[in-house]
Amino acid sequence: MKKALIVGVSGQDGGYLASLLLEKGYEVHGTSRDPARASFAALRTLGSAGHVVVHAMTPTDFSSVLSLLRLVHADEIYNLSGQSSVSLSFQQPLETFDSITIATMHLLECIRLLEKPVRFYSAGSSEMFGNTPSPADESTPFRPRSPYATAKAAAHNAVANYREAYGLHASTGILFNHESPFRSERFVTSKVVHAARRIAAGSRERLSLGNLDIRRDWGWAPEYVDAMWRILQHEPADDFVIATGRSHSLREFVERAFACVNLNARDHVDEHAEPARPSDIAVSAGNPAKAEAVLGWKATYDLDMIARALVG
């Protein structure tokens, strides 16, 4: 029986990944900074909470990481932790950098020091590319436009350095936007869906959004955690763009979400010009050709399917 450790198991991806690994017969361990206060909503809803061994660990504390890795002896480590909001990263840049870059460095260094065969997955982000009018692939240069993206790019480079310098089986999945019902309303898709539901139920509110013409490559989270697992099964370790290959405007998503509750978005949504961030990405599009060719992975959910699944 393989043993997996999911760092940051309490979030959306952690919940779906834990369920997938349990189905594959893994012994699954997970970490949270404070398990007593974490909700583990995804794990509980997916029926995996009682089957995952949860440990307290602070990824920004080197001794905490080293102690836990010595205890668990995992075959595979998936690092999904860290501050995950682009907008919040402008308010908390140092916390964002510590929770993403420093935490990744701690995990890599502990794996190196323990000198045991471990496969390490690091959660990258499409935000590292910045604007991508042409779909980004693994060779596209990084041009980060937020503290979050800058931290992810640094972590990505650290993973590549440890792979090349020390021979670690360390890989990064460069995931484009991937949604599920477990997203908080800090994410625009969740904000839209919750507002559409409330308005359909009788609320007289109006939904206020920024630029509706921004374009994103939106995928379905359960499919993306399957890509994470496939990345760690591949030999040798490598980095992969995980995306649908299709880019849509926020306007298209809003229209589809409101249509799912039989409403016309134009009657309930206001677009305002004031920017919410010092800098933003106009177009984000990914080219997943390498993942399809090498891993046999391909996204199947399109935007309509995602909207229907989110609205319920």
# chains A, B, ... in the order shown; residues from 1 in each chain; ligands from 1

call {"tool": "residues_around", "arguments": {"residues": "Val283 (chain A)", "least_positions_apart": "3", "cutoff": "9 Å", "atoms": "only C-alpha atoms", "output": "VMD selection string"}}
result
chain A and resid 130 to 134 213 to 217 247 to 249

call {"tool": "write_last_selection", "arguments": {"atoms": "C-alpha atoms", "output": "mmCIF file, in the first residue's frame"}}
result
data_model
loop_
_atom_site.group_PDB
_atom_site.id
_atom_site.type_symbol
_atom_site.label_atom_id
_atom_site.label_comp_id
_atom_site.auth_asym_id
_atom_site.auth_seq_id
_atom_site.Cartn_x
_atom_site.Cartn_y
_atom_site.Cartn_z
ATOM 1 C CA GLY A 130 0.683 36.721 -16.604
ATOM 2 C CA ASN A 131 -1.181 37.657 -19.784
ATOM 3 C CA THR A 132 -1.265 34.867 -22.359
ATOM 4 C CA PRO A 133 -3.004 36.000 -25.573
ATOM 5 C CA SER A 134 -1.481 32.839 -27.087
ATOM 6 C CA ASP A 213 -14.246 40.856 -20.622
ATOM 7 C CA ILE A 214 -11.325 39.194 -18.827
ATOM 8 C CA ARG A 215 -10.773 35.681 -20.169
ATOM 9 C CA ARG A 216 -9.872 32.555 -18.211
ATOM 10 C CA ASP A 217 -9.296 28.886 -18.933
ATOM 11 C CA SER A 247 -10.587 30.345 -22.845
ATOM 12 C CA HIS A 248 -13.871 32.134 -22.021
ATOM 13 C CA SER A 249 -14.780 35.599 -20.825
#

call {"tool": "select_by_dssp", "arguments": {"residues": "region 16-56 of chain A", "states": "helix (DSSP H, G or I)", "output": "list in words"}}
result
Tyr16, Leu17, Ala18, Ser19, Leu20, Leu21, Leu22, Glu23, Ala41, Ala42, Leu43, Arg44, Thr45, Ala49, Gly50 and His51 of chain A

call {"tool": "residues_around", "arguments": {"residues": "region 176-190 of chain A", "least_positions_apart": "2", "cutoff": "6 Å", "atoms": "only C-alpha atoms", "output": "ChimeraX atom specification"}}
result
/A:12,126,192-193,218-221,243,310

call {"tool": "write_last_selection", "arguments": {"atoms": "C-alpha atoms", "output": "PDB file, in the first residue's frame"}}
result
ATOM      1  CA  GLN A  12     -10.799  22.134  -2.339  1.00  0.00           C
ATOM      2  CA  SER A 126      -1.284  29.801 -14.449  1.00  0.00           C
ATOM      3  CA  VAL A 192     -21.395  34.708  -9.182  1.00  0.00           C
ATOM      4  CA  VAL A 193     -23.002  31.347  -8.437  1.00  0.00           C
ATOM      5  CA  TRP A 218     -11.765  27.334 -16.482  1.00  0.00           C
ATOM      6  CA  GLY A 219     -11.677  23.626 -15.634  1.00  0.00           C
ATOM      7  CA  TRP A 220     -13.269  21.204 -13.188  1.00  0.00           C
ATOM      8  CA  ALA A 221     -11.278  20.521  -9.987  1.00  0.00           C
ATOM      9  CA  ALA A 243      -5.721  23.293 -18.613  1.00  0.00           C
ATOM     10  CA  LEU A 310     -21.655  24.736  -9.672  1.00  0.00           C
TER      11      LEU A 310
END

call {"tool": "closest_residue", "arguments": {"among": "A:Glu115, A:Asp270, A:Glu76, A:Glu109", "to": "Glu205 (chain A)", "atoms": "only C-alpha atoms"}}
result
A:Asp270

call {"tool": "atom_distance", "arguments": {"atom1": "CA of Gln92 (chain A)", "atom2": "CA of His194 (chain A)"}}
result
26.0 Å

call {"tool": "closest_residue", "arguments": {"among": "A:Ser39, A:Ser279, A:Ser284, A:Ser208", "to": "Arg266 (chain A)", "atoms": "only C-alpha atoms"}}
result
A:Ser208

call {"tool": "residues_around", "arguments": {"residues": "region 256-259 of chain A", "least_positions_apart": "6", "cutoff": "8 Å", "atoms": "only C-alpha atoms", "output": "PDB file with C-alpha atoms, in the first residue's frame"}}
result
ATOM      1  CA  VAL A 192     -21.395  34.708  -9.182  1.00  0.00           C
ATOM      2  CA  VAL A 193     -23.002  31.347  -8.437  1.00  0.00           C
ATOM      3  CA  ALA A 196     -27.458  33.884  -8.856  1.00  0.00           C
ATOM      4  CA  ALA A 265     -27.731  38.104 -16.227  1.00  0.00           C
ATOM      5  CA  ASP A 304     -21.578  24.853 -19.663  1.00  0.00           C
ATOM      6  CA  ALA A 307     -21.687  26.243 -14.655  1.00  0.00           C
ATOM      7  CA  ARG A 308     -24.407  23.613 -14.257  1.00  0.00           C
ATOM      8  CA  VAL A 311     -25.204  26.056  -9.653  1.00  0.00           C
TER       9      VAL A 311
END

call {"tool": "closest_residue", "arguments": {"among": "A:Met305, A:Val52, A:Ile242, A:Ala293", "to": "Gly15 (chain A)", "atoms": "only C-alpha atoms"}}
result
A:Val52

call {"tool": "closest_residue", "arguments": {"among": "A:Leu209, A:Leu263, A:Ala18, A:Ala41", "to": "Leu80 (chain A)", "atoms": "only C-alpha atoms"}}
result
A:Ala18

call {"tool": "residues_around", "arguments": {"residues": "Gly14 (chain A)", "least_positions_apart": "2", "cutoff": "10 Å", "atoms": "only C-alpha atoms", "output": "count of residues only"}}
result
22

call {"tool": "residues_around", "arguments": {"residues": "region 95-108 of chain A", "least_positions_apart": "4", "cutoff": "7 Å", "atoms": "only C-alpha atoms", "output": "ChimeraX atom specification"}}
result
/A:59-60,62,65,82-83,89,112,148,151-152,154-155,158

call {"tool": "closest_residue", "arguments": {"among": "A:Ser87, A:Asn287, A:Asn262, A:Asn161", "to": "Thr140 (chain A)", "atoms": "only C-alpha atoms"}}
result
A:Asn287

call {"tool": "residues_around", "arguments": {"residues": "Lys116 (chain A)", "least_positions_apart": "6", "cutoff": "10 Å", "atoms": "only C-alpha atoms", "output": "MDAnalysis selection string"}}
result
chainID A and resid 73:75 168

call {"tool": "atom_distance", "arguments": {"atom1": "CA of Ile174 (chain A)", "atom2": "CA of Phe240 (chain A)"}}
result
5.9 Å

call {"tool": "decode", "arguments": {"residues": "region 98-113 of chain A", "atoms": "N, CA and C atoms", "output": "PDB file, in the first residue's frame"}}
result
ATOM      1  N   ASP A  98       5.900  33.739   2.076  1.00  0.00           N
ATOM      2  CA  ASP A  98       6.310  32.739   3.068  1.00  0.00           C
ATOM      3  C   ASP A  98       5.519  31.443   2.915  1.00  0.00           C
ATOM      4  N   SER A  99       4.192  31.557   2.799  1.00  0.00           N
ATOM      5  CA  SER A  99       3.341  30.366   2.797  1.00  0.00           C
ATOM      6  C   SER A  99       3.486  29.547   1.519  1.00  0.00           C
ATOM      7  N   ILE A 100       3.956  30.174   0.446  1.00  0.00           N
ATOM      8  CA  ILE A 100       4.124  29.455  -0.817  1.00  0.00           C
ATOM      9  C   ILE A 100       5.588  29.095  -1.057  1.00  0.00           C
ATOM     10  N   THR A 101       6.452  30.103  -1.122  1.00  0.00           N
ATOM     11  CA  THR A 101       7.840  29.850  -1.518  1.00  0.00           C
ATOM     12  C   THR A 101       8.660  29.238  -0.396  1.00  0.00           C
ATOM     13  N   ILE A 102       8.634  29.865   0.769  1.00  0.00           N
ATOM     14  CA  ILE A 102       9.430  29.348   1.893  1.00  0.00           C
ATOM     15  C   ILE A 102       8.942  27.961   2.289  1.00  0.00           C
ATOM     16  N   ALA A 103       7.637  27.756   2.298  1.00  0.00           N
ATOM     17  CA  ALA A 103       7.096  26.436   2.650  1.00  0.00           C
ATOM     18  C   ALA A 103       7.561  25.372   1.658  1.00  0.00           C
ATOM     19  N   THR A 104       7.563  25.705   0.379  1.00  0.00           N
ATOM     20  CA  THR A 104       8.034  24.752  -0.630  1.00  0.00           C
ATOM     21  C   THR A 104       9.508  24.434  -0.435  1.00  0.00           C
ATOM     22  N   MET A 105      10.305  25.459  -0.136  1.00  0.00           N
ATOM     23  CA  MET A 105      11.724  25.242   0.115  1.00  0.00           C
ATOM     24  C   MET A 105      11.949  24.328   1.317  1.00  0.00           C
ATOM     25  N   HIS A 106      11.158  24.504   2.362  1.00  0.00           N
ATOM     26  CA  HIS A 106      11.279  23.649   3.542  1.00  0.00           C
ATOM     27  C   HIS A 106      11.004  22.194   3.196  1.00  0.00           C
ATOM     28  N   LEU A 107       9.960  21.955   2.431  1.00  0.00           N
ATOM     29  CA  LEU A 107       9.621  20.580   2.051  1.00  0.00           C
ATOM     30  C   LEU A 107      10.730  19.970   1.194  1.00  0.00           C
ATOM     31  N   LEU A 108      11.213  20.713   0.217  1.00  0.00           N
ATOM     32  CA  LEU A 108      12.275  20.208  -0.644  1.00  0.00           C
ATOM     33  C   LEU A 108      13.544  19.899   0.151  1.00  0.00           C
ATOM     34  N   GLU A 109      13.908  20.791   1.031  1.00  0.00           N
ATOM     35  CA  GLU A 109      15.139  20.602   1.800  1.00  0.00           C
ATOM     36  C   GLU A 109      15.015  19.421   2.758  1.00  0.00           C
ATOM     37  N   CYS A 110      13.841  19.252   3.363  1.00  0.00           N
ATOM     38  CA  CYS A 110      13.643  18.102   4.256  1.00  0.00           C
ATOM     39  C   CYS A 110      13.689  16.789   3.477  1.00  0.00           C
ATOM     40  N   ILE A 111      13.093  16.755   2.306  1.00  0.00           N
ATOM     41  CA  ILE A 111      13.156  15.554   1.469  1.00  0.00           C
ATOM     42  C   ILE A 111      14.613  15.243   1.116  1.00  0.00           C
ATOM     43  N   ARG A 112      15.372  16.275   0.778  1.00  0.00           N
ATOM     44  CA  ARG A 112      16.792  16.076   0.444  1.00  0.00           C
ATOM     45  C   ARG A 112      17.569  15.533   1.622  1.00  0.00           C
ATOM     46  N   LEU A 113      17.350  16.096   2.797  1.00  0.00           N
ATOM     47  CA  LEU A 113      18.104  15.686   3.978  1.00  0.00           C
ATOM     48  C   LEU A 113      17.762  14.272   4.434  1.00  0.00           C
TER      49      LEU A 113
END
